[in-house]
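*Asks:* Once you've had a glance at the structure underneath, I'll fire off some questions.
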Amino acid sequence: MGFSSLPTEIQLLLFPAFLIIYLATLIGNSLIILVTLADPMLCSPMYFFRNLSFLEIGFNLVIVPKILGTLLADTTISFSGCATQMYFLFFFGAAECFLLATMAYNHFVAICTPLHYPVIMNQRTCAKLAVVSWFPGFSIATVQTMWLFSFPFCDTNKVNHFFCDSPPVLRLVCGDTTLFEIYVIIGTILIIMIPCSLILCSYFCIAAAILKIPSAKGKHKGFSTCSSHLLVVSLFYVSLSLTYFQPKANNSPERKKLLSLFYTIVTPMLNPIIYSLRNNEVKNALSRTFKALGLRSYIS
């Protein structure tokens, strides 16, 4: 159904807005990927930025083109298309949760054991951690998507959302879904809470280590190192939690659509901006890349 409940005039206004966000996300994240691949002066943790940008591009490619289509009156999606969209949403979502936890661990090692950092987080280790972060998404997406689409569906075929998410599709099922719903609740809690707990533990140790630094300049540098990642984590997890962990009575379909926009569309656009402005390595790499291309850098 997408945004069909909104007046046509508003849908027409949403189309250019979503198109701009879509293009900005693709350009911004593609630029991060190209810079981290092309600049040999960047250190190993740039593997994490690169993988995060791949995930954000994936999120957008799966969701936004279909949203743009629904805003132009094409509100249909095939059975296989809905299953495919759901699979990749689960895959990219789970992978991002674990990648953000991996990035928190990287900050923990950098701040709490700085002398051992080059040994612990060498190029090979960073690459392995980045790749391993993708694996939980495969099993979660495969099991949940195949199980859900194995149920018989009722005559109605209207998914009250702008993408094929599990709750609105589940409402169309005509069989007993009790066991599946228990699995989804447990799975969602684990996928969100395990990485979130790792992030919280990492930052608790980081905060304790930074507060022990005697100089104000050292403390500022320590907190500044983590600020971009903390902002990205906050945007992602707050919107995700508000979407999936609110009581049904307080979570109408329209409210859920609005909250879902943040972690699926808005956050992927903001991430490259946040990391570009708050990370000196990324800013310097962008500057070197622009100079190599004969362009003037406006990043300072």
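Please note that chains go A, B, ... in the order of the structure tokens, that every chain numbers its residues from 1, and that ligands are numbered from 1 in the order shown.
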I'd like the neighbourhood of stretch 166-175 of chain A as a PyMOL selection string, where a residue qualifies if any of its atoms comes within 7 Å (using only C-alpha atoms), though same-chain residues fewer than 5 positions away should be ignored.
*Replies:* chain A and resi 151-154+156-157+159-161
*Asks:* For A:Ile191, work out the shell of residues within 9 Å, counting only C-alpha atoms and skipping chain neighbours fewer than 3 positions away, then give it as a PDB file with N, CA and C atoms, in the first residue's frame.
*Replies:*
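File produced: selection36.pdb:
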ATOM      1  N   ALA A  94      20.477  -7.211   9.958  1.00  0.00           N
ATOM      2  CA  ALA A  94      21.254  -7.992  10.927  1.00  0.00           C
ATOM      3  C   ALA A  94      22.746  -7.716  10.773  1.00  0.00           C
ATOM      4  N   CYS A  97      23.705  -4.408  12.398  1.00  0.00           N
ATOM      5  CA  CYS A  97      23.749  -4.490  13.861  1.00  0.00           C
ATOM      6  C   CYS A  97      25.100  -5.023  14.329  1.00  0.00           C
ATOM      7  N   PHE A  98      25.562  -6.095  13.698  1.00  0.00           N
ATOM      8  CA  PHE A  98      26.823  -6.711  14.123  1.00  0.00           C
ATOM      9  C   PHE A  98      28.034  -5.899  13.672  1.00  0.00           C
ATOM     10  N   PRO A 136      25.724 -13.432  10.236  1.00  0.00           N
ATOM     11  CA  PRO A 136      24.433 -13.649  10.911  1.00  0.00           C
ATOM     12  C   PRO A 136      23.227 -13.333  10.029  1.00  0.00           C
ATOM     13  N   ILE A 140      19.575 -15.682   9.457  1.00  0.00           N
ATOM     14  CA  ILE A 140      18.355 -15.025   9.936  1.00  0.00           C
ATOM     15  C   ILE A 140      17.408 -14.759   8.778  1.00  0.00           C
ATOM     16  N   ILE A 186      11.928 -13.601  19.806  1.00  0.00           N
ATOM     17  CA  ILE A 186      13.224 -13.999  20.369  1.00  0.00           C
ATOM     18  C   ILE A 186      14.363 -13.579  19.433  1.00  0.00           C
ATOM     19  N   GLY A 187      14.175 -13.845  18.134  1.00  0.00           N
ATOM     20  CA  GLY A 187      15.206 -13.503  17.147  1.00  0.00           C
ATOM     21  C   GLY A 187      15.472 -12.019  17.079  1.00  0.00           C
ATOM     22  N   THR A 188      14.412 -11.210  17.098  1.00  0.00           N
ATOM     23  CA  THR A 188      14.569  -9.761  17.037  1.00  0.00           C
ATOM     24  C   THR A 188      15.305  -9.230  18.259  1.00  0.00           C
ATOM     25  N   ILE A 194      21.964  -8.290  21.460  1.00  0.00           N
ATOM     26  CA  ILE A 194      23.336  -8.802  21.612  1.00  0.00           C
ATOM     27  C   ILE A 194      24.356  -7.784  21.096  1.00  0.00           C
ATOM     28  N   PRO A 195      24.239  -7.314  19.844  1.00  0.00           N
ATOM     29  CA  PRO A 195      25.177  -6.276  19.400  1.00  0.00           C
ATOM     30  C   PRO A 195      25.085  -5.002  20.236  1.00  0.00           C
ATOM     31  N   CYS A 196      23.849  -4.621  20.633  1.00  0.00           N
ATOM     32  CA  CYS A 196      23.686  -3.410  21.434  1.00  0.00           C
ATOM     33  C   CYS A 196      24.382  -3.558  22.786  1.00  0.00           C
TER      34      CYS A 196
END
*Asks:* Env of A:Cys226: 12 Å cut, atoms = only C-alpha atoms, seq-sep filter 5 positions within chain, self excluded. Answer as a short mmCIF file (atom, residue, chain, number, x, y, z; two decimals) with all heavy atoms, in the first residue's frame.
*Replies:*
data_model
loop_
_atom_site.label_atom_id
_atom_site.label_comp_id
_atom_site.auth_asym_id
_atom_site.auth_seq_id
_atom_site.Cartn_x
_atom_site.Cartn_y
_atom_site.Cartn_z
N MET A 103 32.62 -2.25 15.09
CA MET A 103 33.24 -0.92 15.08
C MET A 103 33.42 -0.39 16.51
O MET A 103 34.40 0.28 16.81
CB MET A 103 32.38 0.03 14.25
CG MET A 103 32.33 -0.32 12.77
SD MET A 103 31.14 0.65 11.82
CE MET A 103 32.02 2.20 11.68
N ALA A 104 32.47 -0.73 17.40
CA ALA A 104 32.61 -0.33 18.80
C ALA A 104 33.81 -1.04 19.44
O ALA A 104 34.57 -0.44 20.21
CB ALA A 104 31.33 -0.66 19.57
N TYR A 105 33.99 -2.32 19.09
CA TYR A 105 35.14 -3.07 19.61
C TYR A 105 36.44 -2.46 19.11
O TYR A 105 37.43 -2.37 19.84
CB TYR A 105 35.05 -4.53 19.18
CG TYR A 105 36.27 -5.34 19.52
CD1 TYR A 105 36.54 -5.71 20.85
CD2 TYR A 105 37.18 -5.74 18.54
CE1 TYR A 105 37.67 -6.44 21.17
CE2 TYR A 105 38.30 -6.48 18.85
CZ TYR A 105 38.54 -6.82 20.17
OH TYR A 105 39.67 -7.55 20.48
N ASN A 106 36.45 -2.00 17.87
CA ASN A 106 37.63 -1.35 17.31
C ASN A 106 37.99 -0.09 18.11
O ASN A 106 39.16 0.14 18.43
CB ASN A 106 37.37 -0.97 15.85
CG ASN A 106 38.49 -0.15 15.25
OD1 ASN A 106 39.60 -0.62 15.06
ND2 ASN A 106 38.19 1.11 14.94
N HIS A 107 36.99 0.70 18.48
CA HIS A 107 37.24 1.89 19.31
C HIS A 107 37.73 1.50 20.70
O HIS A 107 38.58 2.18 21.27
CB HIS A 107 35.96 2.73 19.42
CG HIS A 107 35.62 3.48 18.17
ND1 HIS A 107 36.48 4.37 17.57
CD2 HIS A 107 34.51 3.48 17.39
CE1 HIS A 107 35.91 4.89 16.50
NE2 HIS A 107 34.72 4.36 16.36
N PHE A 108 37.15 0.41 21.22
CA PHE A 108 37.56 -0.06 22.55
C PHE A 108 39.05 -0.41 22.57
O PHE A 108 39.79 0.01 23.47
CB PHE A 108 36.72 -1.29 22.93
CG PHE A 108 37.30 -2.11 24.04
CD1 PHE A 108 37.24 -1.68 25.36
CD2 PHE A 108 37.93 -3.31 23.76
CE1 PHE A 108 37.78 -2.44 26.39
CE2 PHE A 108 38.48 -4.08 24.78
CZ PHE A 108 38.42 -3.64 26.10
N VAL A 109 39.50 -1.15 21.56
CA VAL A 109 40.91 -1.54 21.50
C VAL A 109 41.79 -0.30 21.31
O VAL A 109 42.84 -0.17 21.94
CB VAL A 109 41.15 -2.55 20.36
CG1 VAL A 109 42.64 -2.89 20.24
CG2 VAL A 109 40.34 -3.82 20.59
N ALA A 110 41.35 0.62 20.44
CA ALA A 110 42.14 1.82 20.14
C ALA A 110 42.34 2.71 21.37
O ALA A 110 43.42 3.29 21.55
CB ALA A 110 41.48 2.61 19.02
N ILE A 111 41.33 2.81 22.22
CA ILE A 111 41.41 3.72 23.36
C ILE A 111 41.89 3.04 24.64
O ILE A 111 42.67 3.60 25.40
CB ILE A 111 40.04 4.39 23.59
CG1 ILE A 111 39.73 5.32 22.40
CG2 ILE A 111 40.00 5.18 24.90
CD1 ILE A 111 38.35 5.93 22.42
N ILE A 199 28.06 -3.15 22.30
CA ILE A 199 28.38 -1.73 22.09
C ILE A 199 28.39 -0.99 23.44
O ILE A 199 29.31 -0.21 23.73
CB ILE A 199 27.37 -1.08 21.13
CG1 ILE A 199 27.54 -1.65 19.71
CG2 ILE A 199 27.53 0.43 21.10
CD1 ILE A 199 26.43 -1.27 18.75
N SER A 202 31.44 -1.97 25.45
CA SER A 202 32.64 -1.35 24.88
C SER A 202 32.75 0.11 25.29
O SER A 202 33.80 0.59 25.72
CB SER A 202 32.62 -1.46 23.35
OG SER A 202 32.68 -2.81 22.93
N TYR A 203 31.63 0.83 25.20
CA TYR A 203 31.66 2.25 25.52
C TYR A 203 31.72 2.52 27.02
O TYR A 203 32.19 3.59 27.44
CB TYR A 203 30.48 2.97 24.86
CG TYR A 203 30.80 3.33 23.43
CD1 TYR A 203 30.22 2.65 22.37
CD2 TYR A 203 31.74 4.32 23.14
CE1 TYR A 203 30.55 2.96 21.05
CE2 TYR A 203 32.07 4.63 21.84
CZ TYR A 203 31.48 3.95 20.80
OH TYR A 203 31.82 4.24 19.50
N ILE A 206 35.35 2.28 27.45
CA ILE A 206 35.98 3.44 26.80
C ILE A 206 35.82 4.68 27.67
O ILE A 206 36.78 5.44 27.88
CB ILE A 206 35.35 3.67 25.41
CG1 ILE A 206 35.80 2.58 24.43
CG2 ILE A 206 35.73 5.05 24.86
CD1 ILE A 206 35.06 2.58 23.12
N ALA A 207 34.60 4.90 28.18
CA ALA A 207 34.35 6.07 29.03
C ALA A 207 35.22 6.03 30.28
O ALA A 207 35.79 7.05 30.69
CB ALA A 207 32.87 6.13 29.41
N ILE A 210 38.78 6.93 29.26
CA ILE A 210 38.94 8.34 28.90
C ILE A 210 38.94 9.22 30.15
O ILE A 210 39.71 10.18 30.25
CB ILE A 210 37.83 8.78 27.92
CG1 ILE A 210 38.03 8.10 26.55
CG2 ILE A 210 37.83 10.30 27.75
CD1 ILE A 210 36.91 8.37 25.57
N LYS A 219 41.18 14.00 26.99
CA LYS A 219 39.79 13.55 27.13
C LYS A 219 38.95 13.95 25.92
O LYS A 219 38.15 13.15 25.41
CB LYS A 219 39.18 14.13 28.41
CG LYS A 219 39.73 13.53 29.68
CD LYS A 219 39.11 14.20 30.91
CE LYS A 219 39.69 13.59 32.18
NZ LYS A 219 39.16 14.24 33.40
N HIS A 220 39.16 15.19 25.48
CA HIS A 220 38.41 15.67 24.31
C HIS A 220 38.74 14.83 23.08
O HIS A 220 37.83 14.47 22.31
CB HIS A 220 38.75 17.14 24.05
CG HIS A 220 38.13 17.67 22.80
ND1 HIS A 220 36.79 17.99 22.70
CD2 HIS A 220 38.67 17.92 21.56
CE1 HIS A 220 36.52 18.42 21.49
NE2 HIS A 220 37.64 18.40 20.78
N LYS A 221 40.01 14.51 22.89
CA LYS A 221 40.42 13.71 21.75
C LYS A 221 39.81 12.31 21.81
O LYS A 221 39.38 11.76 20.80
CB LYS A 221 41.95 13.61 21.69
CG LYS A 221 42.46 12.87 20.46
CD LYS A 221 44.00 12.85 20.44
CE LYS A 221 44.49 12.10 19.21
NZ LYS A 221 45.98 12.03 19.18
N LEU A 231 26.98 8.57 17.33
CA LEU A 231 25.85 9.23 16.70
C LEU A 231 25.16 8.29 15.73
O LEU A 231 23.92 8.20 15.69
CB LEU A 231 26.33 10.50 15.98
CG LEU A 231 25.25 11.38 15.35
CD1 LEU A 231 24.19 11.75 16.37
CD2 LEU A 231 25.88 12.63 14.74
N VAL A 232 25.94 7.55 14.93
CA VAL A 232 25.37 6.60 13.97
C VAL A 232 24.62 5.48 14.71
O VAL A 232 23.50 5.11 14.33
CB VAL A 232 26.48 6.00 13.09
CG1 VAL A 232 25.96 4.81 12.29
CG2 VAL A 232 27.03 7.06 12.14
N VAL A 233 25.23 4.95 15.77
CA VAL A 233 24.60 3.90 16.56
C VAL A 233 23.29 4.39 17.17
O VAL A 233 22.27 3.68 17.15
CB VAL A 233 25.55 3.41 17.68
CG1 VAL A 233 24.80 2.55 18.70
CG2 VAL A 233 26.69 2.59 17.08
N ILE A 274 28.13 12.14 8.46
CA ILE A 274 28.63 12.13 9.83
C ILE A 274 30.10 11.72 9.87
O ILE A 274 30.94 12.37 10.50
CB ILE A 274 27.78 11.18 10.71
CG1 ILE A 274 26.37 11.73 10.87
CG2 ILE A 274 28.44 10.98 12.08
CD1 ILE A 274 25.39 10.75 11.49
N TYR A 275 30.44 10.62 9.18
CA TYR A 275 31.81 10.13 9.21
C TYR A 275 32.77 11.07 8.48
O TYR A 275 33.94 11.19 8.84
CB TYR A 275 31.89 8.72 8.62
CG TYR A 275 31.48 7.66 9.61
CD1 TYR A 275 30.36 6.86 9.37
CD2 TYR A 275 32.19 7.45 10.78
CE1 TYR A 275 29.97 5.90 10.28
CE2 TYR A 275 31.80 6.49 11.70
CZ TYR A 275 30.70 5.71 11.45
OH TYR A 275 30.31 4.77 12.36
N ARG A 278 33.24 14.15 10.96
CA ARG A 278 33.76 13.89 12.29
C ARG A 278 35.03 13.06 12.31
O ARG A 278 35.64 12.87 13.35
CB ARG A 278 32.69 13.16 13.14
CG ARG A 278 31.40 13.92 13.33
CD ARG A 278 31.59 15.16 14.17
NE ARG A 278 32.11 14.84 15.49
CZ ARG A 278 32.52 15.74 16.35
NH1 ARG A 278 32.50 17.02 16.03
NH2 ARG A 278 32.98 15.39 17.54
N ASN A 279 35.46 12.53 11.15
CA ASN A 279 36.63 11.67 11.11
C ASN A 279 37.73 12.34 10.29
O ASN A 279 37.57 12.55 9.08
CB ASN A 279 36.25 10.31 10.51
CG ASN A 279 37.37 9.30 10.62
OD1 ASN A 279 38.39 9.40 9.95
ND2 ASN A 279 37.19 8.30 11.48
#
*Asks:* What's around A:Ser234 at 12 Å? Count only C-alpha atoms, leave out sequence neighbours fewer than 6 positions away in its own chain, and write the answer as a ChimeraX atom specification.
*Replies:* /A:97,100,196,199-200,227-228,240-242,262-263,267,271
*Asks:* Convert the current residue selection to file output with N, CA and C atoms, as a CSV table (one decimal), in the first residue's frame.
*Replies:*
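Now in out.csv:
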chain,number,residue,atom,x,y,z
A,97,CYS,N,23.7,-4.4,12.4
A,97,CYS,CA,23.7,-4.5,13.9
A,97,CYS,C,25.1,-5.0,14.3
A,100,LEU,N,28.2,-2.6,13.5
A,100,LEU,CA,28.3,-1.5,14.4
A,100,LEU,C,28.9,-2.0,15.7
A,196,CYS,N,23.8,-4.6,20.6
A,196,CYS,CA,23.7,-3.4,21.4
A,196,CYS,C,24.4,-3.6,22.8
A,199,ILE,N,28.1,-3.1,22.3
A,199,ILE,CA,28.4,-1.7,22.1
A,199,ILE,C,28.4,-1.0,23.4
A,200,LEU,N,27.4,-1.3,24.3
A,200,LEU,CA,27.3,-0.6,25.6
A,200,LEU,C,28.5,-1.0,26.5
A,227,SER,N,32.8,9.9,18.7
A,227,SER,CA,31.5,10.7,18.6
A,227,SER,C,30.7,10.3,17.3
A,228,SER,N,31.4,10.1,16.2
A,228,SER,CA,30.7,9.8,14.9
A,228,SER,C,30.0,8.4,15.0
A,240,LEU,N,15.2,1.9,15.3
A,240,LEU,CA,14.9,0.4,15.2
A,240,LEU,C,14.1,0.0,16.4
A,241,SER,N,14.5,0.4,17.6
A,241,SER,CA,13.8,0.0,18.8
A,241,SER,C,12.4,0.6,18.9
A,242,LEU,N,12.3,1.8,18.5
A,242,LEU,CA,10.9,2.4,18.5
A,242,LEU,C,10.0,1.8,17.5
A,262,PHE,N,13.4,6.3,9.2
A,262,PHE,CA,14.6,6.7,9.8
A,262,PHE,C,15.8,5.7,9.6
A,263,TYR,N,15.5,4.4,10.0
A,263,TYR,CA,16.6,3.5,9.9
A,263,TYR,C,16.8,2.9,8.5
A,267,THR,N,18.9,7.4,7.9
A,267,THR,CA,20.2,7.0,8.5
A,267,THR,C,21.3,6.7,7.4
A,271,ASN,N,24.9,8.8,7.4
A,271,ASN,CA,26.1,8.1,7.9
A,271,ASN,C,27.4,8.6,7.2
